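Novice: Following this line is query-v2.cif, made up of mmCIF, C-alpha atoms:
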data_final
loop_
_atom_site.group_PDB
_atom_site.id
_atom_site.type_symbol
_atom_site.label_atom_id
_atom_site.label_comp_id
_atom_site.auth_asym_id
_atom_site.auth_seq_id
_atom_site.Cartn_x
_atom_site.Cartn_y
_atom_site.Cartn_z
ATOM 1 C CA MET O 129 6.896 100.030 20.751
ATOM 2 C CA THR O 130 8.465 102.316 23.336
ATOM 3 C CA THR O 131 8.655 106.082 23.128
ATOM 4 C CA ALA O 132 12.349 105.824 22.320
ATOM 5 C CA GLU O 133 11.548 103.586 19.347
ATOM 6 C CA VAL O 134 8.882 105.811 17.852
ATOM 7 C CA ALA O 135 10.363 109.236 18.537
ATOM 8 C CA VAL O 136 11.870 111.136 15.641
ATOM 9 C CA PRO O 137 14.451 113.887 16.229
ATOM 10 C CA THR O 138 11.996 116.769 15.870
ATOM 11 C CA GLN O 139 9.551 115.100 18.241
ATOM 12 C CA ALA O 140 11.872 113.705 20.897
ATOM 13 C CA GLY O 141 10.955 116.395 23.404
ATOM 14 C CA GLU O 142 7.253 116.390 22.732
ATOM 15 C CA LEU O 143 6.158 112.838 21.921
ATOM 16 C CA THR O 144 4.428 111.126 24.845
ATOM 17 C CA SER O 145 2.342 108.437 23.137
ATOM 18 C CA VAL O 146 2.464 106.270 20.027
ATOM 19 C CA SER O 147 -1.073 107.389 19.306
ATOM 20 C CA GLN O 148 0.322 110.856 18.500
ATOM 21 C CA LEU O 149 1.914 109.487 15.306
ATOM 22 C CA ASP O 150 -0.032 109.679 12.110
ATOM 23 C CA ALA O 151 -0.181 106.732 9.717
ATOM 24 C CA SER O 152 2.849 107.714 7.637
ATOM 25 C CA GLU O 153 5.039 108.369 10.695
ATOM 26 C CA GLU O 154 4.073 105.034 12.256
ATOM 27 C CA ALA O 155 4.886 103.259 8.983
ATOM 28 C CA ALA O 156 8.322 104.907 8.962
ATOM 29 C CA VAL O 157 8.991 103.746 12.535
ATOM 30 C CA ARG O 158 7.988 100.173 11.666
ATOM 31 C CA HIS O 159 10.291 100.250 8.634
ATOM 32 C CA ARG O 160 13.269 101.362 10.684
ATOM 33 C CA ARG O 161 12.576 98.630 13.229
ATOM 34 C CA VAL O 162 12.404 95.971 10.503
ATOM 35 C CA MET O 163 15.665 97.153 8.990
ATOM 36 C CA ARG O 164 17.407 96.966 12.370
ATOM 37 C CA VAL O 165 16.443 93.285 12.560
ATOM 38 C CA LEU O 166 17.749 92.558 9.077
ATOM 39 C CA LYS O 167 20.992 94.420 9.671
ATOM 40 C CA LYS O 168 21.982 92.519 12.838
ATOM 41 C CA PRO O 169 24.228 89.983 11.006
ATOM 42 C CA GLN O 170 26.256 92.875 9.563
ATOM 43 C CA GLN O 171 28.145 93.056 12.867
ATOM 44 C CA LEU O 172 29.940 89.884 11.748
ATOM 45 C CA ALA O 173 31.531 91.650 8.780
ATOM 46 C CA GLY O 174 34.858 92.167 10.574
ATOM 47 C CA LEU O 175 35.331 88.426 11.222
ATOM 48 C CA ASP O 176 36.796 85.852 8.859
ATOM 49 C CA PRO O 177 34.301 83.466 7.163
ATOM 50 C CA ALA O 178 34.928 80.584 9.591
ATOM 51 C CA GLU O 179 34.309 82.833 12.577
ATOM 52 C CA GLN O 180 31.191 84.253 10.950
ATOM 53 C CA LEU O 181 29.809 80.738 10.455
ATOM 54 C CA GLU O 182 30.604 79.817 14.055
ATOM 55 C CA GLU O 183 28.794 82.903 15.353
ATOM 56 C CA CYS O 184 25.783 82.221 13.111
ATOM 57 C CA ILE O 185 25.512 78.644 14.388
ATOM 58 C CA LYS O 186 25.779 79.884 17.976
ATOM 59 C CA VAL O 187 22.945 82.378 17.469
ATOM 60 C CA LEU O 188 20.791 79.766 15.712
ATOM 61 C CA ARG O 189 21.194 77.260 18.527
ATOM 62 C CA THR O 190 20.533 79.874 21.193
ATOM 63 C CA ALA O 191 17.378 81.006 19.388
ATOM 64 C CA GLU O 192 16.138 77.430 19.041
ATOM 65 C CA ALA O 193 16.769 76.633 22.718
ATOM 66 C CA LYS O 194 14.963 79.799 23.778
ATOM 67 C CA ARG O 195 12.012 78.997 21.509
ATOM 68 C CA GLU O 196 11.725 75.432 22.802
ATOM 69 C CA GLY O 197 11.961 76.616 26.396
ATOM 70 C CA THR O 198 9.274 79.211 25.842
ATOM 71 C CA VAL O 199 6.971 76.702 24.158
ATOM 72 C CA LYS O 200 7.547 74.131 26.923
ATOM 73 C CA GLU O 201 6.813 76.641 29.661
ATOM 74 C CA ALA O 202 3.683 77.810 27.858
ATOM 75 C CA GLN O 203 2.502 74.198 27.588
ATOM 76 C CA LEU O 204 3.138 73.569 31.285
ATOM 77 C CA ARG O 205 1.271 76.711 32.301
ATOM 78 C CA ALA O 206 -1.611 75.853 29.976
ATOM 79 C CA GLY O 207 -1.703 72.336 31.416
ATOM 80 C CA ALA O 208 -1.921 73.698 34.961
ATOM 81 C CA VAL O 209 -4.869 75.910 34.044
ATOM 82 C CA PHE O 210 -6.491 73.001 32.192
ATOM 83 C CA PHE O 211 -6.343 70.747 35.268
ATOM 84 C CA ASP O 212 -7.886 73.455 37.461
ATOM 85 C CA THR O 213 -10.661 74.039 34.918
ATOM 86 C CA ALA O 214 -11.530 70.523 33.767
ATOM 87 C CA GLY O 215 -11.014 68.613 37.016
ATOM 88 C CA PRO O 216 -13.786 70.209 39.139
ATOM 89 C CA TYR O 217 -16.376 69.946 36.353
ATOM 90 C CA LEU O 218 -15.561 66.303 35.727
ATOM 91 C CA MET O 219 -15.988 65.610 39.439
ATOM 92 C CA TRP O 220 -19.308 67.472 39.416
ATOM 93 C CA VAL O 221 -20.642 65.370 36.539
ATOM 94 C CA ARG O 222 -19.483 62.165 38.238
ATOM 95 C CA ASP O 223 -20.552 62.977 41.799
ATOM 96 C CA ASN O 224 -24.013 64.180 40.748
ATOM 97 C CA SER O 225 -24.571 61.316 38.258
ATOM 98 C CA LEU O 226 -25.190 63.779 35.422
ATOM 99 C CA TYR O 227 -23.664 61.311 32.972
ATOM 100 C CA CYS O 228 -26.756 59.082 33.023
ATOM 101 C CA LEU O 229 -29.571 61.647 32.848
ATOM 102 C CA ASP O 230 -30.918 60.307 29.548
ATOM 103 C CA ASP O 231 -29.722 56.728 30.084
ATOM 104 C CA PRO O 232 -29.744 55.341 33.655
ATOM 105 C CA SER O 233 -27.616 52.389 32.600
ATOM 106 C CA ARG O 234 -24.786 54.535 31.243
ATOM 107 C CA THR O 235 -21.562 54.585 33.239
ATOM 108 C CA PHE O 236 -19.360 57.584 33.814
ATOM 109 C CA GLU O 237 -16.621 55.931 31.735
ATOM 110 C CA ARG O 238 -19.019 55.380 28.829
ATOM 111 C CA TRP O 239 -20.147 58.988 28.991
ATOM 112 C CA LEU O 240 -16.529 60.152 28.825
ATOM 113 C CA ASP O 241 -15.978 57.974 25.774
ATOM 114 C CA MET O 242 -19.075 59.430 24.092
ATOM 115 C CA ILE O 243 -18.517 63.146 24.630
ATOM 116 C CA TRP O 244 -14.759 63.598 24.862
ATOM 117 C CA GLY O 245 -11.587 62.450 23.203
ATOM 118 C CA TYR O 246 -9.815 61.574 26.437
ATOM 119 C CA SER O 247 -9.770 58.081 27.912
ATOM 120 C CA PRO O 248 -11.330 57.429 31.335
ATOM 121 C CA SER O 249 -7.874 56.895 32.854
ATOM 122 C CA GLN O 250 -6.799 60.324 31.618
ATOM 123 C CA CYS O 251 -9.954 61.938 32.997
ATOM 124 C CA TYR O 252 -9.412 60.346 36.397
ATOM 125 C CA LEU O 253 -5.891 61.745 36.241
ATOM 126 C CA PHE O 254 -7.345 65.235 35.581
ATOM 127 C CA MET O 255 -9.558 64.903 38.666
ATOM 128 C CA ASP O 256 -6.669 63.668 40.789
ATOM 129 C CA ALA O 257 -4.460 66.454 39.438
ATOM 130 C CA VAL O 258 -6.678 69.295 40.609
ATOM 131 C CA ARG O 259 -6.969 67.754 44.080
ATOM 132 C CA VAL O 260 -3.189 67.363 44.281
ATOM 133 C CA ARG O 261 -2.731 70.961 43.110
ATOM 134 C CA ILE O 262 -5.183 72.105 45.787
ATOM 135 C CA ALA O 263 -3.275 70.203 48.476
ATOM 136 C CA LEU O 264 0.029 71.705 47.318
ATOM 137 C CA GLY O 265 -1.405 75.226 47.149
ATOM 138 C CA LEU O 266 -0.975 75.556 43.380
ATOM 139 C CA ALA O 267 -4.635 75.542 42.292
ATOM 140 C CA GLY O 268 -6.075 78.771 40.954
ATOM 141 C CA SER O 269 -2.810 79.804 39.305
ATOM 142 C CA ASP O 270 -0.759 78.794 36.288
ATOM 143 C CA GLU O 271 2.077 77.556 38.512
ATOM 144 C CA TYR O 272 3.262 74.137 37.366
ATOM 145 C CA ALA O 273 6.112 73.463 39.803
ATOM 146 C CA TYR O 274 6.185 72.780 43.528
ATOM 147 C CA GLN O 275 9.299 73.831 45.429
ATOM 148 C CA GLY O 276 11.204 74.049 42.150
ATOM 149 C CA THR O 277 10.146 70.627 40.845
ATOM 150 C CA VAL O 278 7.809 70.377 37.858
ATOM 151 C CA LEU O 279 4.666 68.505 38.914
ATOM 152 C CA THR O 280 4.366 65.517 36.578
ATOM 153 C CA THR O 281 1.724 62.836 36.086
ATOM 154 C CA LYS O 282 3.945 60.472 38.092
ATOM 155 C CA HIS O 283 3.832 62.820 41.072
ATOM 156 C CA ILE O 284 0.060 63.107 40.704
ATOM 157 C CA ARG O 285 -0.426 59.328 40.654
ATOM 158 C CA ALA O 286 1.789 58.941 43.703
ATOM 159 C CA LEU O 287 -0.076 61.599 45.708
ATOM 160 C CA ALA O 288 -3.576 60.639 44.500
ATOM 161 C CA PRO O 289 -4.130 58.028 47.266
ATOM 162 C CA ALA O 290 -3.284 60.646 49.897
ATOM 163 C CA VAL O 291 -5.593 63.364 48.588
ATOM 164 C CA ASN O 292 -8.399 60.889 47.855
ATOM 165 C CA ALA O 293 -8.089 59.690 51.458
ATOM 166 C CA GLU O 294 -8.794 63.310 52.507
ATOM 167 C CA LEU O 295 -5.330 63.798 53.967
ATOM 168 C CA PRO O 296 -4.996 67.451 55.098
ATOM 169 C CA PRO O 297 -2.973 69.686 52.735
ATOM 170 C CA ALA O 298 -0.317 70.202 55.398
ATOM 171 C CA GLU O 299 0.278 66.444 55.591
ATOM 172 C CA VAL O 300 0.400 66.091 51.799
ATOM 173 C CA GLN O 301 3.011 68.844 51.679
ATOM 174 C CA GLN O 302 4.891 67.109 54.493
ATOM 175 C CA LEU O 303 4.898 63.904 52.416
ATOM 176 C CA TRP O 304 6.700 65.796 49.677
ATOM 177 C CA GLU O 305 9.193 67.389 52.066
ATOM 178 C CA ASP O 306 9.927 64.109 53.864
ATOM 179 C CA THR O 307 10.539 62.387 50.525
ATOM 180 C CA GLU O 308 12.938 65.115 49.409
ATOM 181 C CA ALA O 309 14.753 64.987 52.745
ATOM 182 C CA ARG O 310 15.174 61.205 52.496
ATOM 183 C CA GLU O 311 15.992 60.816 48.811
ATOM 184 C CA GLY O 312 17.175 64.231 47.686
ATOM 185 C CA LYS O 313 14.209 64.712 45.342
ATOM 186 C CA ALA O 314 10.539 63.860 45.126
ATOM 187 C CA THR O 315 10.064 60.800 42.909
ATOM 188 C CA GLU O 316 6.950 58.719 42.318
ATOM 189 C CA GLU O 317 8.287 55.689 44.171
ATOM 190 C CA GLY O 318 9.683 57.864 46.941
ATOM 191 C CA LEU O 319 6.326 59.576 47.508
ATOM 192 C CA ARG O 320 4.537 56.224 47.530
ATOM 193 C CA GLU O 321 6.990 54.853 50.096
ATOM 194 C CA THR O 322 6.588 57.916 52.321
ATOM 195 C CA TYR O 323 2.807 57.536 52.174
ATOM 196 C CA ARG O 324 3.077 53.837 53.015
ATOM 197 C CA GLN O 325 5.187 54.710 56.044
ATOM 198 C CA LEU O 326 2.663 57.334 57.144
ATOM 199 C CA THR O 327 -0.331 55.017 56.854
ATOM 200 C CA ALA O 328 1.546 52.232 58.630
ATOM 201 C CA ALA O 329 2.294 54.576 61.530
ATOM 202 C CA LYS O 330 -1.333 55.680 61.726
ATOM 203 C CA ALA O 331 -2.504 52.076 61.624
ATOM 204 C CA ALA O 332 -0.750 51.248 64.895
ATOM 205 C CA PRO O 333 -3.572 50.801 67.434
ATOM 206 C CA ALA O 334 -3.772 53.386 70.176
ATOM 207 C CA LEU O 335 -4.611 50.828 72.832
ATOM 208 C CA GLY O 336 -4.723 51.787 76.454
ATOM 209 C CA ALA O 337 -3.278 49.846 79.353
ATOM 210 C CA SER O 338 -5.991 47.197 79.159
ATOM 211 C CA GLY O 339 -5.384 46.794 75.431
ATOM 212 C CA SER O 340 -1.667 46.363 76.053
ATOM 213 C CA SER O 341 -2.405 43.783 78.724
ATOM 214 C CA ALA O 342 -4.648 41.829 76.359
ATOM 215 C CA SER O 343 -1.945 41.949 73.686
ATOM 216 C CA THR O 344 0.672 40.706 76.163
ATOM 217 C CA SER O 345 -1.594 37.874 77.285
ATOM 218 C CA ALA O 346 -2.187 36.838 73.704
ATOM 219 C CA THR O 347 1.551 36.726 73.065
ATOM 220 C CA GLU O 348 2.320 34.814 76.230
ATOM 221 C CA SER O 349 -0.436 32.297 75.511
ATOM 222 C CA ASN O 350 1.762 30.996 72.722
ATOM 223 C CA GLU O 351 4.329 30.111 75.381
ATOM 224 C CA SER O 352 2.213 27.426 77.166
ATOM 225 C CA PHE O 353 0.049 29.292 79.651
ATOM 226 C CA ASP O 354 -2.032 26.992 81.831
ATOM 227 C CA SER O 355 -5.817 26.838 81.596
ATOM 228 C CA SER O 356 -6.395 29.181 84.535
ATOM 229 C CA ASP O 357 -4.377 31.955 82.883
ATOM 230 C CA ARG O 358 -6.310 31.543 79.653
ATOM 231 C CA SER O 359 -9.537 31.649 81.599
ATOM 232 C CA GLU O 360 -8.568 34.964 83.172
ATOM 233 C CA GLU O 361 -7.590 36.326 79.756
ATOM 234 C CA SER O 362 -11.041 35.528 78.395
ATOM 235 C CA ASN O 363 -12.671 37.716 81.038
ATOM 236 C CA THR O 364 -12.334 40.844 78.871
ATOM 237 C CA SER O 365 -15.085 43.338 79.505
ATOM 238 C CA PRO O 366 -17.825 43.533 76.834
ATOM 239 C CA GLU O 367 -16.935 47.177 76.196
ATOM 240 C CA GLU O 368 -13.277 46.358 75.569
ATOM 241 C CA ALA O 369 -14.182 43.395 73.366
ATOM 242 C CA GLU O 370 -16.440 45.600 71.261
ATOM 243 C CA ARG O 371 -13.727 48.260 70.991
ATOM 244 C CA LEU O 372 -11.184 45.713 69.774
ATOM 245 C CA ALA O 373 -13.672 44.270 67.295
ATOM 246 C CA ARG O 374 -14.401 47.734 65.940
ATOM 247 C CA TRP O 375 -10.676 48.419 65.687
ATOM 248 C CA GLU O 376 -10.449 45.279 63.503
ATOM 249 C CA VAL O 377 -12.951 46.920 61.140
ATOM 250 C CA ASN O 378 -10.583 49.865 60.723
ATOM 251 C CA GLU O 379 -7.651 47.534 60.180
ATOM 252 C CA SER O 380 -9.539 45.559 57.542
ATOM 253 C CA LEU O 381 -10.427 48.722 55.669
ATOM 254 C CA ARG O 382 -6.797 49.889 55.759
ATOM 255 C CA SER O 383 -5.689 46.524 54.383
ATOM 256 C CA ILE O 384 -8.269 46.633 51.593
ATOM 257 C CA ARG O 385 -7.257 50.186 50.717
ATOM 258 C CA ALA O 386 -3.586 49.205 50.553
ATOM 259 C CA GLU O 387 -4.398 46.260 48.278
ATOM 260 C CA LEU O 388 -6.462 48.496 45.998
ATOM 261 C CA GLU O 389 -3.616 51.019 45.809
ATOM 262 C CA ALA O 390 -1.274 48.220 44.741
ATOM 263 C CA LEU O 391 -3.786 47.124 42.100
ATOM 264 C CA GLN O 392 -4.120 50.716 40.912
ATOM 265 C CA ALA O 393 -0.342 50.904 40.469
ATOM 266 C CA ARG O 394 -0.320 47.614 38.502
ATOM 267 C CA TYR O 395 -3.173 48.804 36.285
ATOM 268 C CA SER O 396 -1.401 52.122 35.641
ATOM 269 C CA GLN O 397 1.729 50.258 34.573
ATOM 270 C CA LEU O 398 -0.326 48.292 32.033
ATOM 271 C CA THR O 399 -2.094 51.326 30.594
ATOM 272 C CA ASP O 400 1.035 53.491 30.571
ATOM 273 C CA GLY O 401 3.155 50.757 29.000
ATOM 274 C CA GLY O 402 1.351 51.056 25.672
ATOM 275 C CA LEU O 403 1.819 47.364 24.885
ATOM 276 C CA ALA O 404 -1.250 45.744 23.323
ATOM 277 C CA PRO O 405 -2.450 42.408 24.784
ATOM 278 C CA LEU O 406 -2.055 39.212 22.780
ATOM 279 C CA ASP O 407 -5.780 38.405 23.068
ATOM 280 C CA ALA O 408 -7.582 41.740 22.634
ATOM 281 C CA ALA O 409 -11.084 40.335 23.170
ATOM 282 C CA ASP O 410 -10.057 38.686 26.429
ATOM 283 C CA ALA O 411 -8.398 41.904 27.597
ATOM 284 C CA VAL O 412 -11.586 43.878 26.877
ATOM 285 C CA ARG O 413 -13.633 41.409 28.931
ATOM 286 C CA GLU O 414 -11.222 41.578 31.845
ATOM 287 C CA ALA O 415 -11.109 45.370 31.736
ATOM 288 C CA LYS O 416 -14.919 45.465 31.859
ATOM 289 C CA GLN O 417 -14.883 43.230 34.926
ATOM 290 C CA VAL O 418 -12.326 45.505 36.588
ATOM 291 C CA ARG O 419 -14.537 48.529 35.924
ATOM 292 C CA ALA O 420 -17.590 46.638 37.203
ATOM 293 C CA LEU O 421 -15.759 45.887 40.447
ATOM 294 C CA GLY O 422 -14.811 49.547 40.700
ATOM 295 C CA ARG O 423 -18.463 50.553 40.322
ATOM 296 C CA TRP O 424 -19.374 48.036 43.047
ATOM 297 C CA PHE O 425 -16.938 49.675 45.436
ATOM 298 C CA ASP O 426 -18.300 53.080 44.428
ATOM 299 C CA ARG O 427 -21.869 52.016 45.296
ATOM 300 C CA HIS O 428 -21.089 49.949 48.388
ATOM 301 C CA GLY O 429 -18.056 51.797 49.712
ATOM 302 C CA THR O 430 -19.679 52.718 53.015
ATOM 303 C CA VAL O 431 -19.369 51.262 56.500
ATOM 304 C CA PRO O 432 -21.766 51.409 59.464
ATOM 305 C CA VAL O 433 -21.446 54.513 61.584
ATOM 306 C CA ASP O 434 -22.560 55.284 65.083
ATOM 307 C CA SER O 435 -25.960 56.903 65.252
ATOM 308 C CA VAL O 436 -28.078 58.389 67.998
ATOM 309 C CA VAL O 437 -31.793 57.625 67.833
ATOM 310 C CA GLU O 438 -33.961 60.240 69.450
ATOM 311 C CA ALA O 439 -36.762 58.581 71.431
ATOM 312 C CA GLU O 440 -39.954 60.171 72.560
ATOM 313 C CA VAL O 441 -40.299 60.363 76.343
ATOM 314 C CA VAL O 442 -43.639 58.855 77.399
ATOM 315 C CA GLU O 443 -44.885 59.761 80.804
ATOM 316 C CA ASP O 444 -47.036 57.311 82.775
#
What would you get if you wrote out this structure as structure tokens?
Specialist:
Amino acid sequence: MTTAEVAVPTQAGELTSVSQLDASEEAAVRHRRVMRVLKKPQQLAGLDPAEQLEECIKVLRTAEAKREGTVKEAQLRAGAVFFDTAGPYLMWVRDNSLYCLDDPSRTFERWLDMIWGYSPSQCYLFMDAVRVRIALGLAGSDEYAYQGTVLTTKHIRALAPAVNAELPPAEVQQLWEDTEAREGKATEEGLRETYRQLTAAKAAPALGASGSSASTSATESNESFDSSDRSEESNTSPEEAERLARWEVNESLRSIRAELEALQARYSQLTDGGLAPLDAADAVREAKQVRALGRWFDRHGTVPVDSVVEAEVVED
């Protein structure tokens, strides 16, 4: 209640706070306010019955639209806060293997099934969501839209590969902007295509002059070089040969990652489709195998890295 609402004529010049009213005065103010609400339709009295009905329907529809909009916005804001709260703690449990403290054989997915009502796919979405919100600068607030577009689960799934690949926030935001510039809006498929273009550009080898020469020789060898030319081509320095071989490791990993992203998209389509399999038992077995493969990648998803071994200097 404002001062104007609670003031009575004899108090208008003196009243500064609602707390100055005693119980009976406050009750009188509440009564007058209630009566103003009930009397609002009386303004229709000067209209004919058909016009009164039309105005009533207009008010009813406006009130309903406002209520639905308010509820929807509240849900979106609550969802944003939920992602920021649940996502980091889920990642902590997973990354620190807290899910198997009392049972070393228990998987993270099984733990989720035991303690929470959400499916593993939903929980992975929560973890992806908070990382996407961090990259877009939304985390830590109840903001649910980026550049005027409501952030949906489709956007999150499309951007998940980028944030999980540790793409800098500026590049994730650029993905969004490039997609909007190309298609007029940021859609799931548009974001995926933009990311594919980005990774393809990064995958192009940054070979030097010697690398370019080797590539040219390899191409020309398909056009009937003689044996002496092929002999000269084979005289690549050991350092360059090792560099090219190590570049192949990077290329193989990029290819594997792209294939896994495609499989992730196919799996999401199955789970989001809501259509039950014809043979449920067979589907359960296959899903278990998929999860087992995922755990294998989680355990073995490392590659050799360069290391420097410190040796003790022994004097003669």
Novice: To one decimal in Å, tell me the separation between atom CA of O:Thr277 and atom CA of O:Gly197.
Specialist: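 Here the two named atoms are 15.7 Å from each other.
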Novice: Any chance you could tabulate, as JSON lines, the residues of stretch 232-320 of chain O at most 12 Å from stretch 385-399 of chain O with each one's nearest atom pair and distance in Å to one decimal, using all atoms listed in the file, in chain and rising number order?
Specialist:
{"residue": "O:Ser247", "atom": "CA", "partner": "O:Thr399", "partner_atom": "CA", "distance": 10.6}
{"residue": "O:Pro248", "atom": "CA", "partner": "O:Thr399", "partner_atom": "CA", "distance": 11.1}
{"residue": "O:Ser249", "atom": "CA", "partner": "O:Thr399", "partner_atom": "CA", "distance": 8.3}
{"residue": "O:Gln250", "atom": "CA", "partner": "O:Thr399", "partner_atom": "CA", "distance": 10.2}
{"residue": "O:Tyr252", "atom": "CA", "partner": "O:Ser396", "partner_atom": "CA", "distance": 11.5}
{"residue": "O:Leu253", "atom": "CA", "partner": "O:Ser396", "partner_atom": "CA", "distance": 10.6}
{"residue": "O:Thr281", "atom": "CA", "partner": "O:Ser396", "partner_atom": "CA", "distance": 11.2}
{"residue": "O:Lys282", "atom": "CA", "partner": "O:Ser396", "partner_atom": "CA", "distance": 10.2}
{"residue": "O:Arg285", "atom": "CA", "partner": "O:Ala393", "partner_atom": "CA", "distance": 8.4}
{"residue": "O:Ala286", "atom": "CA", "partner": "O:Ala393", "partner_atom": "CA", "distance": 8.9}
{"residue": "O:Leu287", "atom": "CA", "partner": "O:Glu389", "partner_atom": "CA", "distance": 11.2}
{"residue": "O:Ala288", "atom": "CA", "partner": "O:Glu389", "partner_atom": "CA", "distance": 9.7}
{"residue": "O:Pro289", "atom": "CA", "partner": "O:Glu389", "partner_atom": "CA", "distance": 7.2}
{"residue": "O:Ala290", "atom": "CA", "partner": "O:Glu389", "partner_atom": "CA", "distance": 10.5}
{"residue": "O:Asn292", "atom": "CA", "partner": "O:Arg385", "partner_atom": "CA", "distance": 11.1}
{"residue": "O:Ala293", "atom": "CA", "partner": "O:Arg385", "partner_atom": "CA", "distance": 9.6}
{"residue": "O:Glu316", "atom": "CA", "partner": "O:Ala393", "partner_atom": "CA", "distance": 10.8}
{"residue": "O:Glu317", "atom": "CA", "partner": "O:Ala393", "partner_atom": "CA", "distance": 10.5}
{"residue": "O:Arg320", "atom": "CA", "partner": "O:Glu389", "partner_atom": "CA", "distance": 9.8}
Novice: Between atom CA of O:Leu264 and atom CA of O:Arg222, measure the distance and give it in Å to one decimal.
Specialist: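 Value for the atom CA of O:Leu264-atom CA of O:Arg222 distance: 23.5 Å.
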Novice: Could you check the closest approach to O:Gly276 for each of O:Ala191, O:Ala257, O:Ala314, O:Leu295 and tell me which residue wins, using all atoms listed in the file?
Specialist: O:Ala314
Novice: Near stretch 420-426 of chain O, within 10 Å and counting only C-alpha atoms, which residues show up once chain neighbours fewer than 4 positions away are dropped, as a list of chain:residue names?
Specialist: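 Skipping anything fewer than 4 positions along the chain leaves O:Thr235, O:Phe236, O:Leu388, O:Glu414, O:Ala415, O:Lys416, O:Thr430.
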Novice: Quick one: pull the distance between atom CA of O:Glu183 and atom CA of O:Arg160, Å, one decimal.
Specialist: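 Pair atom CA of O:Glu183 / atom CA of O:Arg160 returns 24.6 Å.
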Novice: Evaluate the PyMOL selection byres ((chain O and resi 274) around 10) against this structure - the residues, as JSON, numbers by chain, please.
Specialist: {"O": [261, 264, 265, 266, 271, 272, 273, 275, 276, 277, 278, 279, 301, 304]}
